[in-house]
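Trainee: To be precise about what I am sending: the file is called protein26.cif and holds mmCIF, C-alpha atoms.
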data_work
loop_
_atom_site.label_atom_id
_atom_site.label_comp_id
_atom_site.auth_asym_id
_atom_site.auth_seq_id
_atom_site.Cartn_x
_atom_site.Cartn_y
_atom_site.Cartn_z
CA MET J 22 -119.19 -58.77 156.62
CA LYS J 23 -121.34 -55.77 155.76
CA LYS J 24 -123.72 -55.98 152.79
CA GLU J 25 -121.91 -53.23 150.92
CA ASP J 26 -118.64 -55.11 151.39
CA GLN J 27 -120.26 -58.32 150.14
CA PHE J 28 -121.61 -56.65 147.01
CA TYR J 29 -118.26 -55.00 146.37
CA LEU J 30 -116.44 -58.30 146.79
CA TYR J 31 -118.89 -60.06 144.43
CA LEU J 32 -118.22 -57.50 141.70
CA ILE J 33 -114.47 -57.90 142.15
CA LEU J 34 -114.64 -61.71 142.14
CA LEU J 35 -116.91 -61.68 139.06
CA HIS J 36 -114.27 -59.81 137.09
CA VAL J 37 -111.52 -62.03 138.44
CA VAL J 38 -113.50 -64.97 137.04
CA ILE J 39 -114.00 -63.16 133.70
CA GLY J 40 -110.24 -62.69 133.40
CA ALA J 41 -109.59 -66.34 134.29
CA LEU J 42 -112.20 -67.61 131.82
CA GLY J 43 -110.60 -65.48 129.12
CA PHE J 44 -107.40 -67.47 129.62
CA PHE J 45 -108.72 -71.00 130.22
CA LEU J 46 -111.78 -70.81 127.90
CA PRO J 47 -110.90 -68.22 125.23
CA PHE J 48 -114.28 -68.47 123.45
CA THR J 49 -115.95 -66.90 126.51
CA THR J 50 -114.43 -63.52 125.67
CA LYS J 51 -116.56 -63.45 122.49
CA ILE J 52 -119.66 -63.94 124.61
CA TYR J 53 -118.39 -61.30 127.06
CA GLY J 54 -117.63 -58.84 124.26
CA TYR J 55 -121.02 -59.13 122.56
CA SER J 56 -122.83 -59.09 125.91
CA ILE J 57 -121.28 -55.74 126.88
CA PHE J 58 -122.72 -53.98 123.85
CA ILE J 59 -126.11 -55.73 123.89
CA PHE J 60 -126.61 -55.23 127.62
CA GLY J 61 -125.31 -51.65 127.40
CA VAL J 62 -127.96 -50.62 124.90
CA TYR J 63 -130.68 -52.40 126.90
CA TYR J 64 -129.54 -50.82 130.18
CA ILE J 65 -129.58 -47.26 128.84
CA ILE J 66 -132.99 -47.71 127.19
CA LYS J 67 -134.47 -49.31 130.32
CA THR J 68 -133.23 -46.58 132.66
CA GLN J 69 -133.75 -43.82 130.07
CA ASN J 70 -130.39 -42.47 131.19
CA ARG J 71 -131.85 -40.99 134.37
CA ASN J 72 -128.51 -41.17 136.20
CA ASN J 73 -126.09 -40.84 133.28
CA GLU J 74 -126.03 -44.58 132.69
CA ALA J 75 -124.63 -43.80 129.22
CA LEU J 76 -121.39 -42.69 130.85
CA VAL J 77 -121.26 -45.75 133.12
CA VAL J 78 -121.71 -48.15 130.20
CA ALA J 79 -119.30 -46.21 127.96
CA ALA J 80 -116.71 -46.30 130.75
CA TYR J 81 -117.07 -50.07 130.98
CA VAL J 82 -116.50 -50.42 127.23
CA VAL J 83 -113.39 -48.24 127.48
CA GLY J 84 -111.99 -50.33 130.32
CA SER J 85 -112.64 -53.62 128.51
CA GLU J 86 -111.24 -52.62 125.10
CA VAL J 87 -107.64 -53.82 125.42
CA PHE J 88 -108.63 -57.01 127.27
CA LEU J 89 -111.06 -57.89 124.48
CA ARG J 90 -108.51 -57.04 121.80
CA MET J 91 -105.79 -59.23 123.28
CA THR J 92 -108.20 -62.16 123.71
CA GLY J 93 -110.04 -61.77 120.38
CA GLY J 94 -113.31 -60.93 122.11
CA ASN J 95 -114.10 -57.70 120.27
CA PRO J 96 -116.76 -58.15 117.56
CA LEU J 97 -114.80 -55.59 115.50
CA TYR J 98 -111.32 -54.17 116.14
CA GLU J 99 -112.46 -50.54 116.46
CA ILE J 100 -115.88 -51.30 117.95
CA SER J 101 -115.13 -49.81 121.37
CA LYS J 102 -114.89 -46.28 119.95
CA TYR J 103 -118.09 -46.80 117.98
CA GLY J 104 -119.71 -48.36 121.03
CA VAL J 105 -118.88 -45.29 123.11
CA MET J 106 -120.38 -43.08 120.39
CA VAL J 107 -123.58 -45.16 120.23
CA PHE J 108 -124.01 -45.10 124.00
CA ILE J 109 -123.37 -41.36 124.13
CA LEU J 110 -125.90 -40.75 121.33
CA LEU J 111 -128.45 -42.79 123.28
CA GLY J 112 -127.66 -40.69 126.32
CA MET J 113 -128.22 -37.55 124.24
CA TYR J 114 -131.57 -38.91 123.04
CA TYR J 115 -132.83 -39.23 126.61
CA SER J 116 -130.94 -36.38 128.31
CA GLY J 117 -129.96 -34.03 125.49
CA PHE J 118 -126.52 -32.66 124.76
CA SER J 119 -124.97 -29.91 126.81
CA ARG J 120 -125.74 -26.27 126.18
CA GLY J 121 -122.87 -24.04 125.29
CA ALA J 122 -120.77 -26.88 123.87
CA SER J 123 -120.00 -24.83 120.77
CA PRO J 124 -116.21 -25.38 121.11
CA TYR J 125 -116.74 -29.06 120.38
CA TRP J 126 -119.11 -28.43 117.46
CA ILE J 127 -116.33 -26.27 116.03
CA PHE J 128 -113.78 -29.00 116.81
CA LEU J 129 -115.79 -31.57 114.84
CA LEU J 130 -116.26 -29.18 111.91
CA LEU J 131 -112.50 -28.54 111.79
CA LEU J 132 -111.96 -32.24 111.09
CA VAL J 133 -114.12 -32.24 107.95
CA PRO J 134 -111.82 -30.58 105.35
CA SER J 135 -109.04 -33.12 105.88
CA VAL J 136 -111.53 -35.98 105.54
CA VAL J 137 -112.72 -34.54 102.23
CA ILE J 138 -109.12 -34.13 101.01
CA SER J 139 -108.29 -37.74 101.90
CA THR J 140 -111.07 -39.10 99.66
CA PHE J 141 -109.06 -38.12 96.58
CA ALA J 142 -105.51 -37.87 98.05
CA LEU J 143 -105.15 -41.45 99.29
CA ASN J 144 -103.55 -44.02 97.00
CA PHE J 145 -105.77 -45.84 94.52
CA ASP J 146 -105.25 -49.24 96.15
CA THR J 147 -105.98 -47.96 99.66
CA ASP J 148 -109.23 -48.90 101.40
CA ILE J 149 -110.33 -45.28 101.84
CA ARG J 150 -113.11 -46.01 104.30
CA LYS J 151 -110.84 -47.99 106.66
CA ALA J 152 -107.95 -45.54 106.34
CA ILE J 153 -110.17 -42.59 107.27
CA ALA J 154 -112.07 -44.42 110.01
CA PHE J 155 -108.88 -45.69 111.68
CA ASN J 156 -107.46 -42.18 112.06
CA ILE J 157 -110.60 -40.13 112.62
CA SER J 158 -112.67 -42.40 114.90
CA GLY J 159 -110.73 -41.30 118.01
CA PRO J 160 -111.18 -37.53 117.49
CA VAL J 161 -114.86 -37.98 116.54
CA CYS J 162 -115.42 -40.14 119.64
CA LEU J 163 -113.84 -37.38 121.74
CA GLY J 164 -115.96 -34.68 120.12
CA LEU J 165 -119.27 -36.53 120.55
CA ALA J 166 -118.57 -37.51 124.15
CA SER J 167 -117.59 -33.92 124.92
CA LEU J 168 -120.88 -32.62 123.51
CA TYR J 169 -122.62 -34.75 126.12
CA THR J 170 -120.35 -34.08 129.10
CA PHE J 171 -119.67 -30.36 128.64
CA ARG J 172 -120.68 -28.67 131.93
CA ARG J 173 -123.08 -31.50 132.72
CA LYS J 174 -123.68 -31.66 136.47
CA ILE J 175 -123.05 -34.95 138.23
CA SER J 176 -122.33 -35.88 141.82
CA LEU J 177 -118.96 -37.04 143.12
CA THR J 178 -120.61 -40.39 143.86
CA GLU J 179 -121.62 -40.75 140.21
CA MET J 180 -118.12 -39.83 139.10
CA ASN J 181 -116.65 -42.56 141.30
CA GLN J 182 -119.20 -45.03 139.86
CA ILE J 183 -118.09 -44.16 136.32
CA LEU J 184 -114.44 -44.71 137.23
CA PHE J 185 -115.25 -47.97 139.02
CA SER J 186 -117.12 -49.17 135.93
CA MET J 187 -114.00 -48.44 133.89
CA GLY J 188 -111.72 -50.13 136.40
CA LEU J 189 -113.52 -53.48 136.72
CA PRO J 190 -112.64 -54.86 133.25
CA ILE J 191 -109.07 -53.58 133.70
CA LEU J 192 -108.99 -55.88 136.74
CA SER J 193 -110.01 -58.75 134.42
CA CYS J 194 -107.16 -57.78 132.10
CA MET J 195 -104.72 -57.89 135.01
CA VAL J 196 -105.90 -61.38 136.00
CA TYR J 197 -105.52 -62.58 132.41
CA LEU J 198 -101.97 -61.20 132.24
CA THR J 199 -101.08 -62.92 135.50
CA LEU J 200 -102.20 -66.29 134.12
CA TYR J 201 -100.64 -65.64 130.72
CA THR J 202 -97.18 -65.04 132.20
CA PRO J 203 -96.98 -66.75 135.59
CA ASN J 204 -93.17 -67.00 135.55
CA VAL J 205 -91.78 -63.58 134.70
CA ARG J 206 -88.10 -64.43 134.87
CA ASP J 207 -88.36 -66.82 131.92
CA VAL J 208 -89.53 -64.14 129.48
CA VAL J 209 -87.85 -60.93 130.66
CA THR J 210 -84.43 -60.92 129.01
CA SER J 211 -84.04 -57.34 127.77
CA THR J 212 -85.24 -53.79 128.45
CA GLN J 213 -87.44 -53.63 125.34
CA SER J 214 -91.22 -53.46 125.59
CA ASN J 215 -92.28 -57.03 126.36
CA PHE J 216 -95.11 -58.73 124.44
CA ALA J 217 -94.87 -61.89 126.54
CA THR J 218 -95.80 -59.98 129.71
CA SER J 219 -98.46 -58.02 127.81
CA GLY J 220 -100.69 -60.95 126.94
CA GLY J 221 -99.09 -61.27 123.51
CA TYR J 222 -100.52 -57.89 122.61
CA GLY J 223 -99.10 -54.37 122.15
CA PRO J 224 -97.31 -53.37 125.38
CA ASN J 225 -98.01 -49.68 124.74
CA GLN J 226 -101.79 -50.09 124.78
CA VAL J 227 -101.68 -52.57 127.65
CA ALA J 228 -99.56 -50.25 129.79
CA THR J 229 -101.89 -47.36 128.96
CA VAL J 230 -104.98 -49.07 130.39
CA LEU J 231 -103.06 -50.56 133.31
CA GLY J 232 -101.73 -47.11 134.19
CA LEU J 233 -105.30 -45.84 134.08
CA GLY J 234 -106.45 -48.76 136.23
CA MET J 235 -103.68 -48.05 138.71
CA PHE J 236 -104.96 -44.50 139.07
CA ILE J 237 -108.60 -45.60 139.38
CA PHE J 238 -108.02 -48.02 142.24
CA PHE J 239 -105.55 -45.77 144.05
CA SER J 240 -108.15 -42.98 143.81
CA ARG J 241 -110.71 -45.34 145.33
CA VAL J 242 -108.38 -45.99 148.26
CA ILE J 243 -108.39 -42.25 148.90
CA LEU J 244 -111.91 -41.17 147.93
CA ASP J 245 -114.37 -44.05 147.77
CA SER J 246 -113.47 -46.79 150.23
CA ARG J 247 -116.22 -46.81 152.83
CA THR J 248 -114.75 -49.53 155.03
CA LYS J 249 -111.31 -50.84 155.94
CA PHE J 250 -112.15 -53.96 153.93
CA GLN J 251 -112.65 -51.90 150.78
CA ILE J 252 -109.43 -49.97 151.45
CA ALA J 253 -107.52 -53.25 151.63
CA ILE J 254 -109.15 -54.70 148.50
CA ASN J 255 -108.59 -51.54 146.45
CA LEU J 256 -104.96 -51.25 147.57
CA ILE J 257 -104.22 -54.89 146.72
CA ILE J 258 -105.78 -54.48 143.26
CA ALA J 259 -103.95 -51.20 142.63
CA LEU J 260 -100.58 -52.69 143.54
CA ASN J 261 -101.13 -55.79 141.41
CA ILE J 262 -102.13 -53.65 138.42
CA THR J 263 -99.02 -51.52 139.03
CA TYR J 264 -96.84 -54.63 139.05
CA ARG J 265 -98.30 -56.04 135.84
CA GLY J 266 -98.10 -52.62 134.21
CA MET J 267 -94.40 -52.24 134.98
CA LEU J 268 -93.74 -55.73 133.61
CA THR J 269 -94.89 -54.61 130.15
CA PHE J 270 -91.68 -52.53 130.07
CA SER J 271 -93.71 -49.83 128.30
CA ARG J 272 -93.07 -46.66 130.25
CA GLY J 273 -95.54 -44.15 128.86
CA GLY J 274 -98.74 -45.54 130.34
CA MET J 275 -97.28 -46.16 133.78
CA ILE J 276 -95.62 -42.75 134.06
CA THR J 277 -98.93 -41.18 133.02
CA GLY J 278 -100.86 -43.12 135.67
CA PHE J 279 -98.33 -42.18 138.34
CA LEU J 280 -98.53 -38.49 137.39
CA MET J 281 -102.33 -38.64 137.64
CA ILE J 282 -102.03 -39.94 141.20
CA VAL J 283 -99.59 -37.15 142.08
CA LEU J 284 -101.93 -34.50 140.61
CA LEU J 285 -104.88 -35.89 142.57
CA LEU J 286 -102.92 -35.93 145.84
CA VAL J 287 -101.61 -32.39 145.31
CA PHE J 288 -105.13 -31.14 144.56
CA LEU J 289 -106.61 -32.79 147.64
CA TYR J 290 -103.77 -31.56 149.84
CA LEU J 291 -104.21 -27.95 148.71
CA LYS J 292 -107.98 -28.07 149.16
CA SER J 293 -108.02 -29.80 152.54
CA ASN J 294 -108.14 -28.25 155.99
CA PHE J 295 -105.58 -29.10 158.70
CA GLY J 296 -107.37 -32.29 159.75
CA GLY J 297 -107.72 -33.43 156.16
CA ARG J 298 -104.03 -32.84 155.50
CA VAL J 299 -103.05 -34.92 158.51
CA LYS J 300 -105.10 -37.85 157.14
CA LEU J 301 -103.63 -37.31 153.69
CA ASN J 302 -100.13 -37.42 155.15
CA TYR J 303 -100.80 -40.95 156.43
CA ILE J 304 -102.30 -41.96 153.07
CA ILE J 305 -99.35 -40.53 151.15
CA VAL J 306 -96.85 -42.36 153.35
CA LEU J 307 -98.83 -45.60 152.90
CA LEU J 308 -98.96 -45.20 149.11
CA VAL J 309 -95.27 -44.30 148.82
CA LEU J 310 -94.26 -47.34 150.87
CA ALA J 311 -96.61 -49.59 148.88
CA ILE J 312 -95.35 -48.34 145.50
CA PHE J 313 -91.72 -48.60 146.65
CA ALA J 314 -92.31 -52.19 147.78
CA THR J 315 -93.95 -53.00 144.42
CA TRP J 316 -91.05 -51.46 142.51
CA THR J 317 -88.52 -53.40 144.63
CA TYR J 318 -90.37 -56.67 143.99
CA THR J 319 -90.58 -55.93 140.25
CA SER J 320 -86.87 -55.16 140.17
CA PHE J 321 -86.14 -58.46 141.91
CA GLN J 322 -88.37 -60.42 139.52
CA THR J 323 -86.78 -58.85 136.45
CA GLY J 324 -83.20 -59.08 137.67
CA GLY J 325 -82.88 -55.30 137.80
CA LEU J 326 -83.90 -54.85 134.14
CA ILE J 327 -86.88 -52.68 135.07
CA ASP J 328 -84.49 -50.20 136.71
CA LYS J 329 -82.43 -50.07 133.51
CA ARG J 330 -85.57 -49.66 131.40
CA TYR J 331 -86.70 -46.54 133.25
CA ALA J 332 -83.11 -45.26 133.21
CA ASN J 333 -83.18 -45.66 129.39
CA GLN J 334 -80.47 -48.30 129.40
CA ASP J 335 -80.14 -51.61 127.59
CA ALA J 336 -79.62 -54.93 129.38
CA ALA J 337 -75.87 -54.31 129.54
CA GLY J 338 -76.39 -50.95 131.23
CA ARG J 339 -75.51 -48.82 128.19
CA VAL J 340 -77.56 -45.64 127.76
CA LYS J 341 -79.69 -45.83 124.61
CA GLU J 342 -79.29 -43.15 121.97
CA SER J 343 -83.04 -42.64 121.65
CA GLN J 344 -85.45 -42.27 124.55
CA PHE J 345 -88.48 -42.78 122.31
CA THR J 346 -87.55 -45.93 120.34
CA GLY J 347 -87.37 -44.02 117.06
CA ARG J 348 -90.78 -42.38 117.33
CA GLU J 349 -89.18 -38.94 117.27
CA ASP J 350 -88.15 -39.58 113.65
CA VAL J 351 -91.78 -40.16 112.70
CA ALA J 352 -92.76 -36.99 114.56
CA LYS J 353 -90.11 -34.98 112.69
CA ASP J 354 -91.40 -36.34 109.37
CA GLU J 355 -94.93 -35.27 110.28
CA ILE J 356 -93.79 -31.78 111.25
CA ASN J 357 -91.99 -31.50 107.90
CA THR J 358 -95.16 -32.67 106.16
CA PHE J 359 -97.10 -29.96 107.98
CA LEU J 360 -94.60 -27.29 106.93
CA LYS J 361 -95.09 -28.35 103.31
CA ASN J 362 -98.90 -28.38 103.64
CA PRO J 363 -99.65 -25.81 106.36
CA ILE J 364 -103.26 -24.89 105.53
CA PHE J 365 -105.36 -28.04 105.21
CA GLY J 366 -102.71 -30.74 105.65
CA VAL J 367 -102.36 -33.80 103.45
CA GLY J 368 -105.60 -35.53 104.41
CA VAL J 369 -106.58 -38.14 106.98
CA GLY J 370 -104.42 -41.26 106.69
CA LYS J 371 -102.19 -39.77 103.99
CA GLY J 372 -99.28 -39.13 106.35
CA ALA J 373 -98.51 -42.86 106.68
CA GLU J 374 -98.56 -43.25 102.89
CA ILE J 375 -96.13 -40.37 102.41
CA ARG J 376 -93.74 -41.92 104.95
CA GLU J 377 -93.94 -45.27 103.20
CA ASP J 378 -93.22 -43.64 99.82
CA GLU J 379 -90.22 -41.76 101.20
CA THR J 380 -88.68 -44.45 103.42
CA GLY J 381 -90.11 -47.71 102.09
CA ILE J 382 -91.33 -48.57 105.58
CA LYS J 383 -94.95 -48.41 106.69
CA VAL J 384 -94.98 -46.84 110.16
CA LEU J 385 -98.10 -45.53 111.88
CA SER J 386 -97.80 -42.43 114.02
CA HIS J 387 -97.74 -42.76 117.81
CA ASP J 388 -98.16 -39.02 118.32
CA GLU J 389 -101.65 -37.65 117.75
CA ILE J 390 -100.44 -34.07 117.91
CA THR J 391 -97.93 -34.30 115.06
CA ARG J 392 -100.33 -36.53 113.09
CA THR J 393 -103.01 -33.87 113.44
CA LEU J 394 -100.60 -31.18 112.25
CA ALA J 395 -99.55 -33.21 109.21
CA GLU J 396 -103.00 -34.38 108.19
CA HIS J 397 -105.18 -31.41 109.23
CA GLY J 398 -102.76 -28.50 108.88
CA SER J 399 -103.57 -25.18 110.54
CA LEU J 400 -107.15 -26.36 111.16
CA GLY J 401 -105.61 -29.10 113.27
CA ILE J 402 -103.78 -26.50 115.34
CA LEU J 403 -107.09 -24.75 116.06
CA ALA J 404 -108.67 -28.09 116.97
CA LEU J 405 -105.87 -28.91 119.40
CA LEU J 406 -106.04 -25.46 121.00
CA ILE J 407 -109.77 -25.97 121.61
CA LEU J 408 -109.11 -29.32 123.27
CA PHE J 409 -106.31 -27.96 125.44
CA PHE J 410 -107.77 -24.68 126.67
CA THR J 411 -111.49 -25.45 127.06
CA PRO J 412 -111.12 -27.73 130.12
CA LEU J 413 -108.68 -25.27 131.69
CA VAL J 414 -111.31 -22.52 131.36
CA LEU J 415 -113.83 -24.84 133.02
CA TYR J 416 -111.34 -25.45 135.83
CA LEU J 417 -111.31 -21.72 136.55
CA GLU J 418 -115.11 -21.83 136.77
CA ASN J 419 -115.33 -24.89 139.02
CA LYS J 420 -112.13 -25.57 140.95
CA PHE J 421 -113.78 -28.39 142.87
CA ASN J 422 -113.34 -30.84 139.97
CA MET J 423 -110.49 -32.79 141.51
CA PHE J 424 -110.25 -35.07 138.48
CA LEU J 425 -110.08 -32.42 135.75
CA LEU J 426 -106.32 -31.94 135.64
CA CYS J 427 -105.77 -35.70 136.03
CA PHE J 428 -107.99 -36.48 133.04
CA VAL J 429 -106.50 -33.77 130.83
CA ALA J 430 -103.00 -34.99 131.74
CA PHE J 431 -103.99 -38.56 130.82
CA TRP J 432 -105.34 -37.44 127.44
CA PHE J 433 -102.39 -35.21 126.60
CA LEU J 434 -99.65 -37.65 127.65
CA THR J 435 -101.37 -40.68 126.14
CA ILE J 436 -101.86 -39.14 122.69
CA ASN J 437 -98.16 -38.25 122.73
CA HIS J 438 -97.00 -41.87 123.01
CA ALA J 439 -99.98 -43.99 121.90
CA ALA J 440 -101.96 -41.62 119.65
CA MET J 441 -105.69 -42.48 119.83
CA ARG J 442 -105.38 -46.20 119.09
CA ILE J 443 -107.87 -46.94 121.86
CA ALA J 444 -110.97 -45.15 123.13
CA ALA J 445 -109.53 -44.34 126.57
CA PRO J 446 -107.90 -40.92 125.88
CA ALA J 447 -110.98 -39.66 124.01
CA PHE J 448 -113.47 -40.73 126.68
CA VAL J 449 -111.34 -39.81 129.69
CA TYR J 450 -110.80 -36.36 128.18
CA SER J 451 -114.57 -35.86 127.95
CA LEU J 452 -114.92 -36.67 131.65
CA SER J 453 -112.77 -33.62 132.45
CA LEU J 454 -115.64 -31.42 131.20
CA LEU J 455 -118.15 -32.66 133.78
CA ASN J 456 -119.29 -30.30 136.52
CA ILE J 457 -118.84 -32.35 139.69
CA GLN J 458 -121.16 -31.44 142.56
CA LEU J 459 -120.82 -32.33 146.24
CA GLY J 460 -124.51 -33.16 146.50
CA ALA J 461 -126.76 -35.00 144.09
CA PRO J 462 -127.64 -32.55 141.28
CA LYS J 463 -131.17 -32.36 139.93
CA LYS J 464 -131.65 -34.34 136.74
CA LYS J 465 -132.90 -32.34 133.82
CA LYS J 466 -132.76 -32.53 130.08
CA GLU J 467 -130.07 -30.19 128.80
CA VAL J 468 -131.52 -29.45 125.35
#
Let me see whether you can do it: turn the structure in this file into structure tokens.
Mentor:
Amino acid sequence: MKKEDQFYLYLILLHVVIGALGFFLPFTTKIYGYSIFIFGVYYIIKTQNRNNEALVVAAYVVGSEVFLRMTGGNPLYEISKYGVMVFILLGMYYSGFSRGASPYWIFLLLLVPSVVISTFALNFDTDIRKAIAFNISGPVCLGLASLYTFRRKISLTEMNQILFSMGLPILSCMVYLTLYTPNVRDVVTSTQSNFATSGGYGPNQVATVLGLGMFIFFSRVILDSRTKFQIAINLIIALNITYRGMLTFSRGGMITGFLMIVLLLVFLYLKSNFGGRVKLNYIIVLLVLAIFATWTYTSFQTGGLIDKRYANQDAAGRVKESQFTGREDVAKDEINTFLKNPIFGVGVGKGAEIREDETGIKVLSHDEITRTLAEHGSLGILALLILFFTPLVLYLENKFNMFLLCFVAFWFLTINHAAMRIAAPAFVYSLSLLNIQLGAPKKKKEV
């Protein structure tokens, strides 16, 4: 076995062991969680961020977030977003922030008025600091990361390293889920999102990271497998992550991951010459057959319930009235709130309180777009327009960034079904702003 294959296998096996230890010796996830942040700071300081180590470490934190949450390994519930921000700030200290990133300075400033409003609009018995931090940490994480990544030049090799760093802890999560629910048929009895197959944690967040992991390892099959051994390993991991992701019965994350793969394949196909397209044809056929086989196996294991889930049917085969499990009602309430407060919105975190006052039920928003409209008003619309159009402008400048549309799609689709509960949509969005180079770009301090 080649040395590069050995090293690759060791990294994979290490994270298989981490996932297994998380199940058999739960206290080890605390050690793992603290170690990530301590080692991350040390690693960036030691290397002085010469090769964008800040992004590699931040990516690892993003990939590990849901695994640590479901196993109780996170020092603090929201620490992954703050960890990404700390690592990015360290990266800025050594390498500066990107020039011309004014859209994201404006984006961050547009968030301020709603934060100010919330300090006196929230209910008296509300923990104002927690209420604001819970809702604003995701957008702030996105803004800070974007200040660092905006037009920053990195090589395709570095980009693949960042994605691999994100994918490794998702592999650990997949191993943990496999051990947590070894016999699927005993726990899958309906077409509802399944906590038992999601490690006892929120299926929506679990499916989101598994969908992302599915994309990462499928992309490695296509772009960064140097030997047949690595192709086989990456394909096996991708298919296993796909299987565990479908078993959560949460559709949003898996559909998003699948769309990212399609966008990547379409991009590569359009940019390739005749010889490249012939190779891609073989890869596409292989992936289609592999995904079809995985779907067939999942359908068999769930007694056909997975087919009904994606067809929006209940276990008896009846079509459900709502395709979004009632989330559209929350979205409508937030739009109505925006129409009543169109300028500055009602303040960060106030939307949930208004819903509770009107309905008697405390429901948090799953849609970051409608939440932004309700709580930030017209300033929120400007903020969203900045986030949507800036990467598309960059795509017109550098059409080689094969990941740009994939990352923007992940951000946009994820915040529509899972808001910004986790750091993944914020950080992955920021990666879309990188300027990917074929060669190794010269390292220089931006500012």
Trainee: So which residues touch Leu385 of chain J within 10 Å, counting all atoms listed in the file, skipping near sequence neighbours fewer than 5 positions away, as a ChimeraX atom specification?
Mentor: /J:156,348,351,370,372-374,376-377,392,440
Trainee: Using the file's own x, y and z axes, so that the box edges lie along x, y and z, what centre and edge lengths in Å (one decimal) does a box around every listed atom of segment 45-54 of chain J get when 6 Å is added on each side? Give it as JSON.
Mentor:
{"center_x": -114.2, "center_y": -64.9, "center_z": 126.4, "size_x": 22.9, "size_y": 24.2, "size_z": 19.7}
Trainee: With a distance cut-off of 9 Å and all atoms listed in the file, select the neighbouring residues of segment 172-187 of chain J, excluding the residue or stretch itself and same-chain residues fewer than 4 positions from it, and output the selection as a ChimeraX atom specification.
Mentor: /J:72-74,76-85,118-122,191,234,237-238,240-241,244-245,415,422,452,454-464,467
Trainee: Only C-alpha atoms, please: the residues just picked out, written as a short mmCIF file (atom, residue, chain, number, x, y, z; two decimals), keeping the file's coordinate frame.
Mentor:
data_model
loop_
_atom_site.label_atom_id
_atom_site.label_comp_id
_atom_site.auth_asym_id
_atom_site.auth_seq_id
_atom_site.Cartn_x
_atom_site.Cartn_y
_atom_site.Cartn_z
CA ASN J 72 -128.51 -41.17 136.20
CA ASN J 73 -126.09 -40.84 133.28
CA GLU J 74 -126.03 -44.58 132.69
CA LEU J 76 -121.39 -42.69 130.85
CA VAL J 77 -121.26 -45.75 133.12
CA VAL J 78 -121.71 -48.15 130.20
CA ALA J 79 -119.30 -46.21 127.96
CA ALA J 80 -116.71 -46.30 130.75
CA TYR J 81 -117.07 -50.07 130.98
CA VAL J 82 -116.50 -50.42 127.23
CA VAL J 83 -113.39 -48.24 127.48
CA GLY J 84 -111.99 -50.33 130.32
CA SER J 85 -112.64 -53.62 128.51
CA PHE J 118 -126.52 -32.66 124.76
CA SER J 119 -124.97 -29.91 126.81
CA ARG J 120 -125.74 -26.27 126.18
CA GLY J 121 -122.87 -24.04 125.29
CA ALA J 122 -120.77 -26.88 123.87
CA ILE J 191 -109.07 -53.58 133.70
CA GLY J 234 -106.45 -48.76 136.23
CA ILE J 237 -108.60 -45.60 139.38
CA PHE J 238 -108.02 -48.02 142.24
CA SER J 240 -108.15 -42.98 143.81
CA ARG J 241 -110.71 -45.34 145.33
CA LEU J 244 -111.91 -41.17 147.93
CA ASP J 245 -114.37 -44.05 147.77
CA LEU J 415 -113.83 -24.84 133.02
CA ASN J 422 -113.34 -30.84 139.97
CA LEU J 452 -114.92 -36.67 131.65
CA LEU J 454 -115.64 -31.42 131.20
CA LEU J 455 -118.15 -32.66 133.78
CA ASN J 456 -119.29 -30.30 136.52
CA ILE J 457 -118.84 -32.35 139.69
CA GLN J 458 -121.16 -31.44 142.56
CA LEU J 459 -120.82 -32.33 146.24
CA GLY J 460 -124.51 -33.16 146.50
CA ALA J 461 -126.76 -35.00 144.09
CA PRO J 462 -127.64 -32.55 141.28
CA LYS J 463 -131.17 -32.36 139.93
CA LYS J 464 -131.65 -34.34 136.74
CA GLU J 467 -130.07 -30.19 128.80
#
Trainee: Do you know which residues the PyMOL selection byres ((chain J and resi 58) around 10) returns on this file, as an MDAnalysis selection string?
Mentor: chainID J and resid 53:57 59:64 78:79 81:82 96 100:101 104:105 107:108
Trainee: Quick check on the file I pasted: which residues fall under the PyMOL selection byres ((chain J and resi 36-50) around 12)? Write them as number ranges by chain.
Mentor: J: 29-35, 51-57, 81, 84-96, 186-202, 220, 258
Trainee: Between atom CA of Lys292 of chain J and atom CA of Arg247 of chain J, what distance in Å does the model show, to one decimal?
Mentor: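 Calculated distance between atom CA of Lys292 of chain J and atom CA of Arg247 of chain J is 20.8 Å.
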Trainee: At what distance in Å, to one decimal, does atom CA of Gly278 of chain J lie from atom CA of Gly159 of chain J?
Mentor: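 Atom-to-atom, atom CA of Gly159 of chain J and atom CA of Gly278 of chain J are spaced 20.3 Å apart.
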Trainee: Could you tell me, as a PyMOL selection string, exactly which residues end up selected when the PyMOL selection byres ((chain J and resi 263) around 12) is applied to this structure?
Mentor: chain J and resi 191-192+195+227-239+256-262+264-270+272+274-279+308+311-316+318-319
Trainee: Atom CA of Leu403 of chain J and atom CA of Ser139 of chain J, how far apart in Å?
Mentor: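 Computed distance, atom CA of Ser139 of chain J to atom CA of Leu403 of chain J, equals 19.3 Å.
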Trainee: Env of Gln213 of chain J: 8 Å cut, atoms = all atoms listed in the file, seq-sep filter 3 positions within chain, self excluded. Answer as a list in words.
Mentor: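 My list of contacting residues is Phe270, Ser271, Arg330 and Asp335 of chain J.
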Trainee: Give me the residues near Gly112 of chain J as JSON, numbers by chain, where near means some atom within 7 Å (using all atoms listed in the file) and where sequence neighbours in that chain fewer than 3 positions away do not count.
Mentor: {"J": [70, 75, 108, 109, 115, 116]}
Trainee: Which is closer to Leu132 of chain J than all the others in J:Met106, J:Ala439, J:Ile252, J:Ile402, using only C-alpha atoms?
Mentor: J:Ile402
Trainee: Can you work out which one of J:Thr411, J:His387, J:Gln334, J:Cys427 has the shortest atom-to-atom distance to Leu286 of chain J, counting all atoms listed in the file?
Mentor: J:Cys427
